[in-house]
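A.B. asks: What follows is target03.cif, made up of mmCIF, C-alpha atoms and all ligand atoms:
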data_work
#
loop_
_atom_site.group_PDB
_atom_site.id
_atom_site.type_symbol
_atom_site.label_atom_id
_atom_site.label_comp_id
_atom_site.auth_asym_id
_atom_site.auth_seq_id
_atom_site.Cartn_x
_atom_site.Cartn_y
_atom_site.Cartn_z
ATOM 1 C CA MET A 1 137.711 -53.320 176.256
ATOM 2 C CA GLN A 2 140.873 -51.343 175.482
ATOM 3 C CA SER A 3 142.887 -53.865 177.412
ATOM 4 C CA LEU A 4 142.079 -56.710 175.031
ATOM 5 C CA PRO A 5 144.735 -57.294 172.362
ATOM 6 C CA SER A 6 143.932 -57.487 168.684
ATOM 7 C CA SER A 7 146.171 -60.547 168.450
ATOM 8 C CA THR A 8 144.730 -63.908 167.574
ATOM 9 C CA GLY A 9 144.245 -66.432 170.339
ATOM 10 C CA VAL A 10 141.894 -68.541 172.376
ATOM 11 C CA TYR A 11 139.595 -67.490 175.192
ATOM 12 C CA ALA A 12 137.224 -68.667 177.880
ATOM 13 C CA LEU A 13 134.135 -66.679 178.835
ATOM 14 C CA LEU A 14 132.723 -67.263 182.318
ATOM 15 C CA LEU A 15 129.008 -66.618 182.646
ATOM 16 C CA ALA A 16 126.333 -66.897 185.293
ATOM 17 C CA LEU A 17 122.752 -67.747 184.392
ATOM 18 C CA PRO A 18 120.618 -66.754 187.399
ATOM 19 C CA GLU A 19 117.577 -68.819 186.477
ATOM 20 C CA ALA A 20 116.678 -71.604 184.063
ATOM 21 C CA ARG A 21 115.816 -70.380 180.566
ATOM 22 C CA SER A 22 114.545 -72.101 177.461
ATOM 23 C CA LEU A 23 116.103 -71.050 174.208
ATOM 24 C CA GLN A 24 116.044 -71.909 170.546
ATOM 25 C CA ILE A 25 119.710 -71.994 169.543
ATOM 26 C CA GLY A 26 120.114 -71.506 165.807
ATOM 27 C CA LYS A 27 119.720 -74.804 164.017
ATOM 28 C CA ILE A 28 120.755 -77.088 166.847
ATOM 29 C CA GLY A 29 117.522 -76.859 168.691
ATOM 30 C CA ASP A 30 115.382 -75.892 171.576
ATOM 31 C CA THR A 31 116.738 -76.559 175.022
ATOM 32 C CA THR A 32 116.449 -75.489 178.622
ATOM 33 C CA PHE A 33 119.590 -74.135 180.194
ATOM 34 C CA PRO A 34 119.543 -74.742 183.948
ATOM 35 C CA ALA A 35 120.708 -72.000 186.280
ATOM 36 C CA GLY A 36 124.393 -72.109 187.060
ATOM 37 C CA SER A 37 127.798 -71.011 185.928
ATOM 38 C CA TYR A 38 128.825 -71.582 182.366
ATOM 39 C CA ILE A 39 132.171 -71.590 180.636
ATOM 40 C CA TYR A 40 132.302 -71.008 176.911
ATOM 41 C CA LEU A 41 135.508 -71.770 175.012
ATOM 42 C CA GLY A 42 136.389 -70.237 171.685
ATOM 43 C CA SER A 43 139.126 -69.009 169.412
ATOM 44 C CA ALA A 44 139.548 -65.554 167.922
ATOM 45 C CA LEU A 45 141.248 -65.875 164.573
ATOM 46 C CA GLY A 46 139.513 -63.202 162.524
ATOM 47 C CA PRO A 47 140.215 -59.491 162.042
ATOM 48 C CA GLY A 48 140.506 -57.720 165.380
ATOM 49 C CA GLY A 49 141.456 -60.967 167.086
ATOM 50 C CA ILE A 50 140.724 -61.296 170.780
ATOM 51 C CA HIS A 51 139.705 -57.649 171.083
ATOM 52 C CA ALA A 52 136.945 -58.044 168.517
ATOM 53 C CA ARG A 53 135.641 -61.478 169.400
ATOM 54 C CA LEU A 54 135.939 -61.609 173.152
ATOM 55 C CA GLY A 55 134.994 -57.937 173.366
ATOM 56 C CA ARG A 56 131.803 -58.717 171.476
ATOM 57 C CA HIS A 57 130.930 -61.535 173.851
ATOM 58 C CA ILE A 58 131.701 -59.485 176.952
ATOM 59 C CA SER A 59 129.698 -56.464 175.784
ATOM 60 C CA GLY A 60 126.836 -58.711 174.716
ATOM 61 C CA SER A 61 126.091 -56.534 171.698
ATOM 62 C CA THR A 62 124.514 -59.237 169.592
ATOM 63 C CA SER A 63 121.855 -57.571 167.476
ATOM 64 C CA HIS A 64 122.553 -60.173 164.809
ATOM 65 C CA PRO A 65 123.046 -63.535 166.522
ATOM 66 C CA TYR A 66 125.662 -65.526 164.641
ATOM 67 C CA TRP A 67 127.429 -67.822 167.049
ATOM 68 C CA HIS A 68 125.496 -70.081 169.400
ATOM 69 C CA ILE A 69 126.761 -68.052 172.344
ATOM 70 C CA ASP A 70 125.040 -64.952 170.940
ATOM 71 C CA TYR A 71 121.691 -66.498 171.889
ATOM 72 C CA LEU A 72 122.615 -67.374 175.457
ATOM 73 C CA ARG A 73 124.839 -64.417 176.255
ATOM 74 C CA PRO A 74 122.108 -61.742 176.730
ATOM 75 C CA LEU A 75 120.500 -63.842 179.486
ATOM 76 C CA CYS A 76 123.738 -64.139 181.451
ATOM 77 C CA THR A 77 126.000 -62.023 183.594
ATOM 78 C CA VAL A 78 129.672 -62.042 182.673
ATOM 79 C CA ILE A 79 131.685 -63.264 185.644
ATOM 80 C CA GLY A 80 135.053 -63.109 183.974
ATOM 81 C CA ALA A 81 137.106 -64.124 180.997
ATOM 82 C CA CYS A 82 140.579 -65.292 180.219
ATOM 83 C CA TYR A 83 142.587 -65.586 177.066
ATOM 84 C CA LEU A 84 145.860 -66.780 175.636
ATOM 85 C CA VAL A 85 147.525 -64.951 172.772
ATOM 86 C CA VAL A 86 148.595 -67.326 170.014
ATOM 87 C CA GLU A 87 150.308 -65.156 167.428
ATOM 88 C CA ASP A 88 150.299 -67.476 164.471
ATOM 89 C CA ALA A 89 146.646 -67.921 163.581
ATOM 90 C CA VAL A 90 147.428 -70.317 160.770
ATOM 91 C CA SER A 91 149.075 -72.821 163.054
ATOM 92 C CA ILE A 92 146.842 -72.248 166.072
ATOM 93 C CA ASN A 93 145.461 -75.724 165.620
ATOM 94 C CA GLU A 94 148.879 -77.284 165.492
ATOM 95 C CA GLN A 95 151.532 -75.397 167.468
ATOM 96 C CA PRO A 96 154.704 -77.494 167.412
ATOM 97 C CA ALA A 97 156.238 -75.229 170.059
ATOM 98 C CA LEU A 98 153.291 -75.885 172.330
ATOM 99 C CA HIS A 99 153.134 -79.590 171.510
ATOM 100 C CA GLN A 100 149.622 -79.148 170.256
ATOM 101 C CA THR A 101 147.910 -82.020 168.594
ATOM 102 C CA ILE A 102 144.405 -80.692 169.126
ATOM 103 C CA PRO A 103 143.285 -77.052 169.263
ATOM 104 C CA ILE A 104 143.825 -75.252 172.544
ATOM 105 C CA GLU A 105 140.161 -74.268 172.766
ATOM 106 C CA CYS A 106 139.327 -77.976 172.626
ATOM 107 C CA ARG A 107 141.906 -78.801 175.292
ATOM 108 C CA TRP A 108 140.327 -76.121 177.462
ATOM 109 C CA SER A 109 136.848 -77.404 176.738
ATOM 110 C CA GLN A 110 137.864 -80.919 177.714
ATOM 111 C CA THR A 111 139.649 -79.618 180.816
ATOM 112 C CA VAL A 112 136.490 -77.858 182.006
ATOM 113 C CA SER A 113 134.274 -80.795 181.027
ATOM 114 C CA SER A 114 136.300 -83.058 183.270
ATOM 115 C CA LEU A 115 135.760 -80.907 186.387
ATOM 116 C CA PRO A 116 133.588 -82.478 189.102
ATOM 117 C CA SER A 117 129.867 -81.769 188.528
ATOM 118 C CA ALA A 118 130.458 -80.352 185.036
ATOM 119 C CA ASP A 119 127.686 -81.043 182.580
ATOM 120 C CA ILE A 120 126.865 -80.321 178.951
ATOM 121 C CA PRO A 121 123.434 -78.691 178.641
ATOM 122 C CA LEU A 122 123.408 -78.791 174.843
ATOM 123 C CA PRO A 123 125.705 -81.135 172.904
ATOM 124 C CA GLY A 124 127.177 -79.388 169.885
ATOM 125 C CA PHE A 125 126.903 -75.897 171.368
ATOM 126 C CA GLY A 126 129.746 -73.808 169.959
ATOM 127 C CA SER A 127 131.471 -76.851 168.531
ATOM 128 C CA SER A 128 130.070 -77.103 165.010
ATOM 129 C CA ASP A 129 133.623 -77.001 163.631
ATOM 130 C CA CYS A 130 135.187 -79.148 166.329
ATOM 131 C CA HIS A 131 137.053 -82.240 165.198
ATOM 132 C CA ALA A 132 138.596 -83.048 168.543
ATOM 133 C CA GLY A 133 135.693 -84.930 170.033
ATOM 134 C CA CYS A 134 134.405 -82.240 172.429
ATOM 135 C CA ALA A 135 130.778 -82.765 173.462
ATOM 136 C CA ALA A 136 130.344 -78.994 173.254
ATOM 137 C CA HIS A 137 132.343 -75.821 173.760
ATOM 138 C CA LEU A 138 129.900 -74.725 176.469
ATOM 139 C CA VAL A 139 130.123 -76.410 179.854
ATOM 140 C CA ARG A 140 127.933 -75.842 182.904
ATOM 141 C CA LEU A 141 129.218 -75.940 186.456
ATOM 142 C CA PRO A 142 126.174 -76.056 188.752
ATOM 143 C CA ASN A 143 128.200 -75.378 191.884
ATOM 144 C CA GLY A 144 131.000 -73.473 190.276
ATOM 145 C CA ILE A 145 131.455 -69.777 190.106
ATOM 146 C CA MET A 146 128.268 -67.980 191.014
ATOM 147 C CA PRO A 147 128.892 -64.258 191.563
ATOM 148 C CA ASP A 148 127.758 -64.272 195.190
ATOM 149 C CA PHE A 149 130.671 -66.455 196.186
ATOM 150 C CA GLU A 150 133.520 -64.137 195.374
ATOM 151 C CA SER A 151 136.139 -65.961 197.374
ATOM 152 C CA VAL A 152 135.194 -69.227 195.745
ATOM 153 C CA GLN A 153 135.257 -67.443 192.431
ATOM 154 C CA SER A 154 138.762 -66.167 193.078
ATOM 155 C CA ASP A 155 140.045 -69.620 194.053
ATOM 156 C CA PHE A 156 138.312 -71.114 191.095
ATOM 157 C CA SER A 157 139.837 -68.582 188.718
ATOM 158 C CA THR A 158 143.314 -69.392 189.977
ATOM 159 C CA GLN A 159 142.729 -73.091 189.523
ATOM 160 C CA LEU A 160 141.205 -72.555 186.128
ATOM 161 C CA VAL A 161 144.179 -70.523 184.894
ATOM 162 C CA LYS A 162 146.576 -73.215 186.118
ATOM 163 C CA ALA A 163 144.555 -75.931 184.419
ATOM 164 C CA PHE A 164 144.347 -73.935 181.184
ATOM 165 C CA ALA A 165 148.084 -73.232 181.217
ATOM 166 C CA LYS A 166 148.848 -76.909 181.708
ATOM 167 C CA ALA A 167 146.433 -77.926 178.946
ATOM 168 C CA ALA A 168 147.948 -75.421 176.524
ATOM 169 C CA GLY A 169 151.547 -76.185 177.470
ATOM 170 C CA VAL A 170 152.293 -72.591 178.522
ATOM 171 C CA SER A 171 153.074 -70.720 181.738
ATOM 172 C CA ALA A 172 150.160 -69.585 183.901
ATOM 173 C CA TYR A 173 151.571 -66.064 183.414
ATOM 174 C CA ASP A 174 150.695 -66.325 179.730
ATOM 175 C CA ILE A 175 147.004 -66.682 180.531
ATOM 176 C CA MET A 176 145.393 -63.276 180.997
ATOM 177 C CA PHE A 177 142.425 -63.204 183.359
ATOM 178 C CA LEU A 178 139.882 -60.384 183.346
HETATM 179 ZN ZN ZN B 201 136.502 -79.022 170.537
#
Taking this structure as input, can you express it in the form of structure tokens?
C.D. replies:
Amino acid sequence: MQSLPSSTGVYALLLALPEARSLQIGKIGDTTFPAGSYIYLGSALGPGGIHARLGRHISGSTSHPYWHIDYLRPLCTVIGACYLVVEDAVSINEQPALHQTIPIECRWSQTVSSLPSADIPLPGFGSSDCHAGCAAHLVRLPNGIMPDFESVQSDFSTQLVKAFAKAAGVSAYDIMFL
């Protein structure tokens, strides 16, 4: 993960769950996650920034589950990830230059939630601290980005980056896709 910056920012993790799995997720409960593609939205504001947080999620090294995604992540394949560097962690939730009124991770979550066929397998997943009205920061796309459809995946990634750039008020070139 040398390519990931240690800057603060927001990210999206794209996962594929090959078959339905039941899981107990921390305190929010027991649920069955249907097979499909999943997009998890988060922010990396702590030490090590995007490198530390997104790198952790990509590597899946979660011996001590802390975030909700730590429970689901080991069952999934990582399809891809993208991130946006937002240098000023303090104002990440209110970037005047980016015309932000709600956090970018929430804008991204709501962007993905509004895609056709998107559903929310577990309300509250990843959004314990969310005050922007997101149903969850984990969205499932049943017909989205399964790894066997690489061309679809590529098209989807392009569209996703454009949608994320628009939602964040930045250029698509500012969104890094892995
Ligand atoms: Zn939110």
A.B. asks: What residues have an atom no more than 7 Å from (135.0, -77.7, 177.9) in the file's own frame, counting only C-alpha atoms, and can you write them as a list in words?
C.D. replies: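 Returned residue set, sorted by chain then number, is Leu41, Cys106, Trp108, Ser109, Gln110, Thr111, Val112, Ser113, Ala136, His137, Leu138 and Val139 of chain A.
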A.B. asks: Could you check which of A:Pro123, A:Gly49, A:Pro65, A:Gly133 is closest to Tyr83 (chain A), using only C-alpha atoms?
C.D. replies: A:Gly49
A.B. asks: Do you have the CA of Phe177 (chain A)-CA of Ala81 (chain A) distance handy?
C.D. replies: 5.9 Å
A.B. asks: For ligand ZN 201 (chain B), which of A:Gly42, A:Pro74, A:Gly60, A:Pro5 is the closest residue, counting only C-alpha atoms and all ligand atoms?
C.D. replies: A:Gly42
A.B. asks: Quick one, how far is CA of His131 (chain A) from CA of Gln159 (chain A)?
C.D. replies: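 If I compute the distance from CA of His131 (chain A) to CA of Gln159 (chain A), I get 26.6 Å.
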A.B. asks: Starting from the displayed file, determine the output of the PyMOL selection byres (((chain A and resi 86) around 6) and not hetatm) and express the residue list as a PyMOL selection string.
C.D. replies: chain A and resi 8-9+85+87-88
A.B. asks: Skipping near chain neighbours, those fewer than 4 positions away, what residues fall within 8 Å of region 160-168 of chain A using only C-alpha atoms, listed as a PyMOL selection string?
C.D. replies: chain A and resi 82+98+100+104+107-108+111+156+172+174-175+177
A.B. asks: Closest to Arg53 (chain A) among A:Leu75, A:Leu4, A:Gly36, A:Pro18, using only C-alpha atoms?
C.D. replies: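 Under the stated criterion, the closest residue is A:Leu4.
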A.B. asks: Between CA of Asp70 (chain A) and CA of His57 (chain A), what is the distance, to one decimal in Å?
C.D. replies: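 So the two atoms, CA of Asp70 (chain A) and CA of His57 (chain A), lie 7.4 Å apart.
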A.B. asks: Extract region 153-168 of chain A from the preceding block and save N, CA and C atoms as a PDB file, in the first residue's frame.
C.D. replies:
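So result_1.pdb came out as:
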ATOM      1  N   GLN A 153     -17.243  -3.580 -14.698  1.00  0.00           N
ATOM      2  CA  GLN A 153     -16.570  -3.003 -13.547  1.00  0.00           C
ATOM      3  C   GLN A 153     -15.844  -1.725 -13.950  1.00  0.00           C
ATOM      4  N   SER A 154     -15.158  -1.775 -15.076  1.00  0.00           N
ATOM      5  CA  SER A 154     -14.403  -0.618 -15.534  1.00  0.00           C
ATOM      6  C   SER A 154     -15.335   0.565 -15.838  1.00  0.00           C
ATOM      7  N   ASP A 155     -16.428   0.289 -16.546  1.00  0.00           N
ATOM      8  CA  ASP A 155     -17.406   1.339 -16.824  1.00  0.00           C
ATOM      9  C   ASP A 155     -17.961   1.900 -15.530  1.00  0.00           C
ATOM     10  N   PHE A 156     -18.278   0.979 -14.646  1.00  0.00           N
ATOM     11  CA  PHE A 156     -18.871   1.387 -13.384  1.00  0.00           C
ATOM     12  C   PHE A 156     -17.915   2.280 -12.602  1.00  0.00           C
ATOM     13  N   SER A 157     -16.633   1.900 -12.591  1.00  0.00           N
ATOM     14  CA  SER A 157     -15.651   2.685 -11.856  1.00  0.00           C
ATOM     15  C   SER A 157     -15.575   4.105 -12.390  1.00  0.00           C
ATOM     16  N   THR A 158     -15.596   4.230 -13.707  1.00  0.00           N
ATOM     17  CA  THR A 158     -15.548   5.545 -14.334  1.00  0.00           C
ATOM     18  C   THR A 158     -16.748   6.383 -13.921  1.00  0.00           C
ATOM     19  N   GLN A 159     -17.909   5.746 -13.959  1.00  0.00           N
ATOM     20  CA  GLN A 159     -19.128   6.465 -13.579  1.00  0.00           C
ATOM     21  C   GLN A 159     -19.113   6.846 -12.102  1.00  0.00           C
ATOM     22  N   LEU A 160     -18.594   5.917 -11.317  1.00  0.00           N
ATOM     23  CA  LEU A 160     -18.553   6.154  -9.876  1.00  0.00           C
ATOM     24  C   LEU A 160     -17.645   7.349  -9.559  1.00  0.00           C
ATOM     25  N   VAL A 161     -16.474   7.381 -10.185  1.00  0.00           N
ATOM     26  CA  VAL A 161     -15.540   8.481  -9.947  1.00  0.00           C
ATOM     27  C   VAL A 161     -16.183   9.813 -10.351  1.00  0.00           C
ATOM     28  N   LYS A 162     -16.859   9.822 -11.485  1.00  0.00           N
ATOM     29  CA  LYS A 162     -17.529  11.058 -11.920  1.00  0.00           C
ATOM     30  C   LYS A 162     -18.583  11.489 -10.910  1.00  0.00           C
ATOM     31  N   ALA A 163     -19.362  10.514 -10.453  1.00  0.00           N
ATOM     32  CA  ALA A 163     -20.427  10.831  -9.492  1.00  0.00           C
ATOM     33  C   ALA A 163     -19.841  11.329  -8.171  1.00  0.00           C
ATOM     34  N   PHE A 164     -18.744  10.703  -7.746  1.00  0.00           N
ATOM     35  CA  PHE A 164     -18.105  11.107  -6.489  1.00  0.00           C
ATOM     36  C   PHE A 164     -17.508  12.512  -6.617  1.00  0.00           C
ATOM     37  N   ALA A 165     -16.903  12.783  -7.772  1.00  0.00           N
ATOM     38  CA  ALA A 165     -16.308  14.107  -7.982  1.00  0.00           C
ATOM     39  C   ALA A 165     -17.391  15.183  -7.933  1.00  0.00           C
ATOM     40  N   LYS A 166     -18.496  14.904  -8.607  1.00  0.00           N
ATOM     41  CA  LYS A 166     -19.605  15.861  -8.619  1.00  0.00           C
ATOM     42  C   LYS A 166     -20.136  16.090  -7.205  1.00  0.00           C
ATOM     43  N   ALA A 167     -20.306  14.979  -6.469  1.00  0.00           N
ATOM     44  CA  ALA A 167     -20.860  15.082  -5.111  1.00  0.00           C
ATOM     45  C   ALA A 167     -19.932  15.845  -4.176  1.00  0.00           C
ATOM     46  N   ALA A 168     -18.624  15.737  -4.417  1.00  0.00           N
ATOM     47  CA  ALA A 168     -17.662  16.396  -3.537  1.00  0.00           C
ATOM     48  C   ALA A 168     -17.304  17.798  -4.023  1.00  0.00           C
TER      49      ALA A 168
END
